[in-house]
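Source file: my_file_31.csv; contents: CSV, C-alpha atoms.
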chain,number,residue,atom,x,y,z
A,37,MET,CA,-11.7,-85.6,114.9
A,38,GLU,CA,-7.9,-85.5,115.4
A,39,PRO,CA,-6.6,-83.4,118.2
A,40,ILE,CA,-4.9,-80.1,117.3
A,41,ARG,CA,-1.1,-80.4,117.3
A,42,VAL,CA,0.5,-77.8,119.5
A,43,ILE,CA,4.0,-76.7,120.3
A,44,VAL,CA,4.9,-74.2,123.1
A,45,HIS,CA,7.6,-71.6,122.6
A,46,GLY,CA,9.0,-70.6,126.0
A,47,ALA,CA,7.9,-73.9,127.5
A,48,LEU,CA,10.1,-73.8,130.6
A,49,GLY,CA,9.0,-70.3,131.8
A,50,ARG,CA,6.4,-69.8,134.4
A,51,MET,CA,3.6,-69.3,131.9
A,52,GLY,CA,5.0,-71.8,129.5
A,53,GLN,CA,4.8,-74.5,132.1
A,54,GLU,CA,1.1,-73.7,132.7
A,55,VAL,CA,0.4,-73.9,129.0
A,56,VAL,CA,2.1,-77.3,128.7
A,57,LYS,CA,0.0,-78.6,131.6
A,58,ALA,CA,-3.2,-77.1,130.1
A,59,VAL,CA,-2.6,-78.4,126.6
A,60,SER,CA,-1.7,-81.9,127.9
A,61,SER,CA,-4.9,-82.0,129.9
A,62,ASP,CA,-7.2,-81.1,127.0
A,63,PRO,CA,-8.5,-84.1,125.0
A,64,ASP,CA,-8.9,-81.9,121.9
A,65,LEU,CA,-5.2,-80.9,121.9
A,66,GLN,CA,-1.9,-82.7,121.7
A,67,LEU,CA,1.4,-81.3,122.8
A,68,VAL,CA,3.9,-82.4,120.1
A,69,GLY,CA,6.9,-80.3,121.0
A,70,ALA,CA,8.4,-77.7,123.3
A,71,VAL,CA,11.0,-75.0,122.8
A,72,ASP,CA,13.0,-73.0,125.3
A,73,SER,CA,16.4,-71.2,125.3
A,74,GLN,CA,17.3,-73.0,128.5
A,75,VAL,CA,17.2,-76.7,127.9
A,76,SER,CA,19.1,-79.5,129.6
A,77,ASP,CA,17.3,-82.5,128.0
A,78,SER,CA,15.9,-83.5,124.7
A,79,TRP,CA,12.5,-84.5,126.1
A,80,LEU,CA,9.9,-82.8,128.2
A,81,ALA,CA,8.0,-85.1,130.6
A,82,LEU,CA,4.2,-84.4,130.3
A,83,PRO,CA,2.4,-83.7,133.6
A,84,ASP,CA,0.1,-86.2,135.1
A,85,GLY,CA,1.2,-89.1,132.8
A,86,PRO,CA,4.0,-91.2,131.4
A,87,GLY,CA,4.2,-89.4,128.1
A,88,LYS,CA,6.9,-87.0,126.8
A,89,ALA,CA,7.3,-84.4,124.0
A,90,PRO,CA,10.5,-83.4,122.1
A,91,LEU,CA,12.2,-80.4,123.7
A,92,SER,CA,14.8,-78.2,122.0
A,93,SER,CA,16.3,-74.7,121.9
A,94,ASP,CA,16.0,-74.9,118.1
A,95,LEU,CA,12.5,-73.8,117.0
A,96,LYS,CA,13.2,-74.6,113.4
A,97,GLU,CA,14.0,-78.2,114.3
A,98,ILE,CA,10.8,-78.6,116.3
A,99,LEU,CA,8.7,-77.0,113.6
A,100,ALA,CA,10.1,-79.4,111.0
A,101,SER,CA,10.0,-82.6,113.1
A,102,ALA,CA,6.8,-82.1,115.1
A,103,ASN,CA,4.5,-80.9,112.3
A,104,PRO,CA,2.4,-78.7,114.6
A,105,GLN,CA,-0.7,-76.8,113.7
A,106,VAL,CA,-0.4,-74.1,116.4
A,107,MET,CA,2.5,-72.5,118.2
A,108,VAL,CA,1.8,-70.9,121.6
A,109,ASP,CA,4.3,-68.2,122.4
A,110,PHE,CA,5.0,-67.1,126.0
A,111,SER,CA,8.6,-66.2,125.6
A,112,ILE,CA,10.2,-62.7,125.7
A,113,ALA,CA,9.4,-59.8,123.3
A,114,ARG,CA,12.7,-59.9,121.4
A,115,ALA,CA,12.2,-63.6,120.7
A,116,THR,CA,8.6,-63.4,119.6
A,117,ILE,CA,8.9,-61.9,116.1
A,118,PRO,CA,11.7,-64.3,114.9
A,119,ALA,CA,9.6,-67.2,116.2
A,120,VAL,CA,6.5,-66.0,114.5
A,121,GLN,CA,8.5,-65.5,111.2
A,122,LEU,CA,9.6,-69.1,111.4
A,123,ALA,CA,6.2,-70.5,112.3
A,124,ALA,CA,4.5,-68.5,109.5
A,125,GLN,CA,7.1,-69.9,107.0
A,126,HIS,CA,6.0,-73.4,108.1
A,127,GLY,CA,2.3,-72.6,107.8
A,128,VAL,CA,1.8,-72.8,111.6
A,129,ASN,CA,-0.9,-70.7,113.3
A,130,VAL,CA,0.3,-68.7,116.3
A,131,VAL,CA,-1.2,-67.7,119.7
A,132,ILE,CA,0.9,-65.0,121.3
A,133,GLY,CA,0.8,-64.1,125.0
A,134,THR,CA,4.1,-62.4,125.2
A,135,THR,CA,3.8,-58.7,126.2
A,136,GLY,CA,5.9,-55.7,125.4
A,137,LEU,CA,5.5,-55.9,121.6
A,138,SER,CA,5.4,-52.6,119.8
A,139,ALA,CA,2.7,-51.4,117.4
A,140,ASP,CA,5.1,-52.1,114.5
A,141,GLU,CA,5.7,-55.6,115.7
A,142,ILE,CA,2.0,-56.3,116.0
A,143,ALA,CA,1.5,-54.9,112.4
A,144,GLU,CA,4.3,-57.3,111.2
A,145,ILE,CA,2.5,-60.3,112.8
A,146,ASP,CA,-0.6,-59.3,111.0
A,147,GLN,CA,1.3,-59.0,107.7
A,148,LEU,CA,2.9,-62.4,108.2
A,149,ALA,CA,-0.4,-64.0,109.0
A,150,VAL,CA,-2.1,-62.6,105.9
A,151,ALA,CA,0.9,-63.4,103.6
A,152,HIS,CA,1.2,-67.0,104.8
A,153,LYS,CA,-2.6,-67.5,105.2
A,154,ILE,CA,-2.4,-68.5,108.8
A,155,GLY,CA,-4.3,-67.5,111.9
A,156,ALA,CA,-2.8,-65.4,114.7
A,157,VAL,CA,-4.2,-64.4,118.1
A,158,ALA,CA,-2.3,-61.8,120.2
A,159,ALA,CA,-3.6,-60.8,123.6
A,160,SER,CA,-2.1,-58.7,126.4
A,161,ASN,CA,-4.2,-60.8,128.9
A,162,PHE,CA,-5.8,-64.2,128.6
A,163,ALA,CA,-7.7,-64.1,131.9
A,164,LEU,CA,-11.4,-63.9,131.2
A,165,GLY,CA,-12.0,-61.7,134.2
A,166,ALA,CA,-9.4,-59.2,133.1
A,167,VAL,CA,-10.9,-59.1,129.6
A,168,LEU,CA,-14.3,-58.3,131.2
A,169,MET,CA,-12.7,-55.7,133.4
A,170,MET,CA,-11.4,-53.9,130.3
A,171,HIS,CA,-14.8,-54.3,128.6
A,172,LEU,CA,-16.6,-52.7,131.5
A,173,ALA,CA,-14.0,-49.9,131.7
A,174,ARG,CA,-14.7,-49.1,128.0
A,175,ILE,CA,-18.4,-48.9,128.8
A,176,ALA,CA,-17.9,-46.6,131.8
A,177,ALA,CA,-15.3,-44.4,129.9
A,178,LYS,CA,-18.1,-42.6,128.0
A,179,TYR,CA,-19.4,-41.1,131.3
A,180,PHE,CA,-16.2,-39.8,133.0
A,181,ASP,CA,-13.6,-37.3,132.0
A,182,HIS,CA,-10.9,-38.2,134.4
A,183,CYS,CA,-9.2,-41.6,134.9
A,184,GLU,CA,-6.1,-43.2,136.4
A,185,ILE,CA,-4.9,-46.8,136.4
A,186,ILE,CA,-2.9,-48.6,139.0
A,187,GLU,CA,-1.4,-51.9,137.8
A,188,LEU,CA,0.5,-54.1,140.3
A,189,HIS,CA,2.6,-57.1,139.3
A,190,HIS,CA,5.3,-59.5,140.7
A,191,HIS,CA,8.8,-58.1,140.8
A,192,ARG,CA,10.1,-60.2,137.9
A,193,LYS,CA,7.8,-58.6,135.4
A,194,VAL,CA,10.2,-56.5,133.2
A,195,ASP,CA,7.8,-54.3,131.2
A,196,ALA,CA,6.0,-51.3,132.7
A,197,PRO,CA,3.4,-50.2,132.2
A,198,SER,CA,1.8,-53.6,131.6
A,199,GLY,CA,0.4,-54.5,128.2
A,200,THR,CA,-3.0,-54.9,129.9
A,201,ALA,CA,-2.9,-51.3,131.3
A,202,ILE,CA,-1.9,-49.8,128.0
A,203,SER,CA,-4.6,-51.8,126.2
A,204,THR,CA,-7.1,-50.6,128.8
A,205,ALA,CA,-6.2,-47.0,128.4
A,206,ARG,CA,-6.3,-47.1,124.6
A,207,GLY,CA,-9.6,-49.0,124.5
A,208,MET,CA,-11.2,-46.5,126.9
A,209,SER,CA,-10.0,-43.5,124.8
A,210,ALA,CA,-11.4,-45.1,121.7
A,211,ALA,CA,-14.7,-45.8,123.4
A,212,ARG,CA,-15.2,-42.2,124.4
A,213,GLY,CA,-13.8,-40.8,121.2
A,214,GLY,CA,-10.8,-39.0,122.6
A,215,PRO,CA,-8.3,-38.9,125.4
A,216,PHE,CA,-9.2,-38.2,129.0
A,217,SER,CA,-8.6,-34.9,130.7
A,218,HIS,CA,-5.6,-34.6,133.0
A,219,SER,CA,-4.5,-31.9,135.5
A,220,PRO,CA,-2.3,-29.2,134.0
A,221,GLY,CA,1.3,-29.4,135.1
A,222,GLU,CA,1.3,-33.1,136.0
A,223,GLU,CA,4.8,-34.4,136.5
A,224,LEU,CA,4.7,-37.7,134.6
A,225,ASP,CA,7.9,-39.0,136.1
A,226,SER,CA,6.2,-38.9,139.5
A,227,ARG,CA,2.6,-39.6,138.4
A,228,GLY,CA,3.2,-42.5,136.1
A,229,GLN,CA,3.4,-42.9,132.4
A,230,GLN,CA,0.5,-41.1,130.6
A,231,VAL,CA,-1.5,-42.9,127.9
A,232,GLU,CA,-4.4,-41.2,126.3
A,233,GLY,CA,-4.7,-38.7,129.2
A,234,ILE,CA,-4.6,-41.6,131.8
A,235,ALA,CA,-1.8,-41.7,134.3
A,236,ILE,CA,-0.7,-45.4,134.7
A,237,HIS,CA,1.0,-46.2,137.9
A,238,SER,CA,3.1,-49.4,137.9
A,239,VAL,CA,4.0,-51.3,141.1
A,240,ARG,CA,6.5,-54.2,141.1
A,241,LEU,CA,6.8,-56.1,144.4
A,242,PRO,CA,7.3,-59.7,145.7
A,243,GLY,CA,4.1,-61.2,146.8
A,244,LEU,CA,2.0,-59.8,144.0
A,245,MET,CA,0.8,-61.7,140.9
A,246,ALA,CA,-1.2,-59.5,138.5
A,247,HIS,CA,-3.7,-56.9,139.6
A,248,GLN,CA,-5.3,-53.8,138.0
A,249,GLU,CA,-7.6,-51.1,139.2
A,250,VAL,CA,-9.2,-48.6,136.9
A,251,ILE,CA,-10.4,-45.5,138.8
A,252,MET,CA,-12.6,-42.9,137.2
A,253,GLY,CA,-13.6,-39.7,138.9
A,254,GLY,CA,-16.2,-37.0,138.5
A,255,PRO,CA,-17.8,-34.4,140.7
A,256,GLY,CA,-18.6,-35.9,144.1
A,257,GLN,CA,-18.0,-39.6,143.0
A,258,THR,CA,-15.5,-42.2,141.9
A,259,LEU,CA,-16.0,-45.5,140.1
A,260,SER,CA,-13.4,-48.3,140.5
A,261,ILE,CA,-13.2,-51.5,138.4
A,262,ARG,CA,-10.6,-54.0,139.7
A,263,HIS,CA,-9.4,-57.5,138.7
A,264,ASP,CA,-7.1,-59.7,140.8
A,265,THR,CA,-5.1,-62.7,139.5
A,266,ILE,CA,-4.6,-65.3,142.2
A,267,ASN,CA,-2.5,-67.7,140.1
A,268,ARG,CA,-1.5,-68.3,136.5
A,269,GLU,CA,-4.1,-71.1,136.1
A,270,CYS,CA,-6.6,-68.3,135.4
A,271,TYR,CA,-5.1,-67.6,132.0
A,272,MET,CA,-5.4,-71.1,130.7
A,273,PRO,CA,-9.1,-71.2,129.6
A,274,GLY,CA,-8.4,-68.2,127.5
A,275,VAL,CA,-5.3,-69.7,126.0
A,276,ILE,CA,-7.1,-73.0,125.2
A,277,MET,CA,-10.0,-71.1,123.6
A,278,ALA,CA,-7.5,-69.1,121.4
A,279,VAL,CA,-5.7,-72.3,120.3
A,280,LYS,CA,-9.0,-73.9,119.2
A,281,GLU,CA,-10.2,-70.7,117.5
A,282,VAL,CA,-6.9,-69.7,115.7
A,283,VAL,CA,-7.0,-72.7,113.4
A,284,LYS,CA,-10.3,-71.5,112.0
A,285,ARG,CA,-9.0,-68.0,111.0
A,286,THR,CA,-6.7,-66.2,108.7
A,287,GLY,CA,-5.0,-63.0,109.8
A,288,LEU,CA,-4.5,-61.4,113.2
A,289,VAL,CA,-7.1,-61.1,116.0
A,290,CYS,CA,-5.9,-58.7,118.7
A,291,GLY,CA,-7.4,-59.2,122.1
A,292,LEU,CA,-9.4,-62.0,123.6
A,293,ASP,CA,-12.4,-59.7,123.7
A,294,ASN,CA,-12.7,-60.2,119.9
A,295,LEU,CA,-12.9,-63.9,120.3
A,296,LEU,CA,-15.5,-63.5,123.0
A,297,GLY,CA,-17.6,-61.2,120.9
A,298,LEU,CA,-17.5,-58.3,123.4
Could you spell out this file's structure in structure tokens?
Amino acid sequence: MEPIRVIVHGALGRMGQEVVKAVSSDPDLQLVGAVDSQVSDSWLALPDGPGKAPLSSDLKEILASANPQVMVDFSIARATIPAVQLAAQHGVNVVIGTTGLSADEIAEIDQLAVAHKIGAVAASNFALGAVLMMHLARIAAKYFDHCEIIELHHHRKVDAPSGTAISTARGMSAARGGPFSHSPGEELDSRGQQVEGIAIHSVRLPGLMAHQEVIMGGPGQTLSIRHDTINRECYMPGVIMAVKEVVKRTGLVCGLDNLLGL
């Protein structure tokens, strides 16, 4: 069986570099191109080997010359939709890890995938432990009326609240059939952004990677569910799984939990 041909959009970013390494290390995948807005060379040296892949700031050029089956996007929100539009026009499946996309943009990705008969996977978090944290929070949500979320990330993360925190809050509300209760008169500017009755507190500091704690409270008790990311390597099993699954599908799959059957 021939390996799946993959290009990485945002290949020189912190996550993009990890994806390049993971794809290059998997015998079922082949890195055939890389795209980034900040390029100084026309070739990207592959890690742990003498090979190289074409590197360009022009996605259209890489799509035409590399003939990929999957584009993995870890760029920035404003670059994602134009990239997905181009990929769809070339019949290329997409795996999207970029956060900060609006509901309308997610809907457009779904429409593009259906119209061009390609697969698309978009996830706010590819760490398997984080996906399980959100799953467990949805289970517990049915038994508590009050909840808050604290999400902590490195100081270079530009969006707040995080996509994972927003997805967690929305998933918990859906599981319980409605929003959580919140105290009357809460000042949202000092208590964090409120989503589905859940105050989300965002922390951005050097020394952090990605962390989230979901705290539910009831009379005489609290329940905390926490996930900590130690390094970006933790996202790669989820990304690789999504690449291998997306070629089998048509239309958009939102969230890694739907690939895991949770």
I'd like the contact shell of Ser209 in chain A - 12 Å cut-off, all atoms listed in the file, skipping same-chain residues fewer than 3 positions apart - returned as JSON, numbers by chain. {"A": [170, 173, 174, 175, 176, 177, 178, 179, 180, 181, 182, 183, 202, 203, 204, 205, 206, 212, 213, 214, 215, 216, 217, 231, 232, 233, 234]}
Listing only residues of range 150-196 of chain A within 8 Å of range 275-286 of chain A, what is the closest atom pair and its distance in Å (to one decimal) for each, using only C-alpha atoms, sorted by chain and residue number ascending, as JSON lines?
{"residue": "A:Val150", "atom": "CA", "partner": "A:Thr286", "partner_atom": "CA", "distance": 6.5}
{"residue": "A:Lys153", "atom": "CA", "partner": "A:Thr286", "partner_atom": "CA", "distance": 5.5}
{"residue": "A:Ile154", "atom": "CA", "partner": "A:Thr286", "partner_atom": "CA", "distance": 4.9}
{"residue": "A:Gly155", "atom": "CA", "partner": "A:Thr286", "partner_atom": "CA", "distance": 4.2}
{"residue": "A:Ala156", "atom": "CA", "partner": "A:Val282", "partner_atom": "CA", "distance": 6.0}
{"residue": "A:Val157", "atom": "CA", "partner": "A:Val282", "partner_atom": "CA", "distance": 6.4}
{"residue": "A:Phe162", "atom": "CA", "partner": "A:Val275", "partner_atom": "CA", "distance": 6.1}
Given all atoms listed in the file as the basis, pick out the residue of A:Leu91, A:Leu298, A:Ala58, A:Ala119 nearest to Ser76 in chain A.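 Counting all atoms listed in the file, the residue closest to Ser76 in chain A is A:Leu91.
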For Lys88 in chain A, which residue among A:Ser60, A:Gln248, A:Gln257, A:Gln105 is the nearest when counting all atoms listed in the file?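 Answer, going by the shortest atom-to-atom distance: A:Ser60.
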Counting all atoms listed in the file, note down every residue that has an atom within 8 Å of the point (-2.8, -63.8, 119.8) (file coordinates), as a list in words.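 Nearby residues: Val130, Val131, Ile132, Gly133, Ala156, Val157, Ala158, Ala159, Ala278, Leu288, Val289, Cys290, Gly291 and Leu292 of chain A.
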For the residues in that selection, give me C-alpha atoms as a PDB file, in the coordinates of the input.
ATOM      1  CA  VAL A 130       0.300 -68.700 116.300  1.00  0.00           C
ATOM      2  CA  VAL A 131      -1.200 -67.700 119.700  1.00  0.00           C
ATOM      3  CA  ILE A 132       0.900 -65.000 121.300  1.00  0.00           C
ATOM      4  CA  GLY A 133       0.800 -64.100 125.000  1.00  0.00           C
ATOM      5  CA  ALA A 156      -2.800 -65.400 114.700  1.00  0.00           C
ATOM      6  CA  VAL A 157      -4.200 -64.400 118.100  1.00  0.00           C
ATOM      7  CA  ALA A 158      -2.300 -61.800 120.200  1.00  0.00           C
ATOM      8  CA  ALA A 159      -3.600 -60.800 123.600  1.00  0.00           C
ATOM      9  CA  ALA A 278      -7.500 -69.100 121.400  1.00  0.00           C
ATOM     10  CA  LEU A 288      -4.500 -61.400 113.200  1.00  0.00           C
ATOM     11  CA  VAL A 289      -7.100 -61.100 116.000  1.00  0.00           C
ATOM     12  CA  CYS A 290      -5.900 -58.700 118.700  1.00  0.00           C
ATOM     13  CA  GLY A 291      -7.400 -59.200 122.100  1.00  0.00           C
ATOM     14  CA  LEU A 292      -9.400 -62.000 123.600  1.00  0.00           C
TER      15      LEU A 292
END
My list of candidates is A:Ala210, A:Leu95, A:Val75, A:Leu188. Which is closest to Thr116 in chain A when distances are computed with all atoms listed in the file?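 The answer is A:Leu95, which sits nearest to Thr116 in chain A.
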Taking into account only C-alpha atoms, which residue in the set A:Val239, A:Ile98, A:Ala139, A:Ile145 is nearest to Gln121 in chain A?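 Ranked by minimum distance to Gln121 in chain A, first place goes to A:Ile145.
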Which polymer residues, protein or nucleic acid, are no farther than 8 Å from (-4.5, -56.7, 137.2), counting all atoms listed in the file, as a ChimeraX atom specification? /A:166,187-189,200,246-249,262-265
May I have the residues within 10 Å of Arg192 in chain A as a ChimeraX atom specification, using all atoms listed in the file and disregarding those fewer than 3 positions away in the same chain? /A:189,195,240-242,245
Could you tell me how far CA of Glu97 in chain A lies from CA of Ala115 in chain A, in Å and to one decimal?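 Result for CA of Glu97 in chain A versus CA of Ala115 in chain A: 16.0 Å, one decimal.
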Quick one: of A:Ala47, A:Asp64, A:Val59, A:Ile117, who's nearest to Trp79 in chain A, counting all atoms listed in the file?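 Selected residue with least distance to Trp79 in chain A: A:Ala47.
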What lies within 9 Å of Pro104 in chain A using only C-alpha atoms, ignoring chain neighbours under 3 positions off, as a count of residues only? 14
If I take CA of Ser78 in chain A and CA of Lys96 in chain A, how far is one from the other in Å, to one decimal?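 According to the coordinates, CA of Ser78 in chain A and CA of Lys96 in chain A are separated by 14.6 Å.
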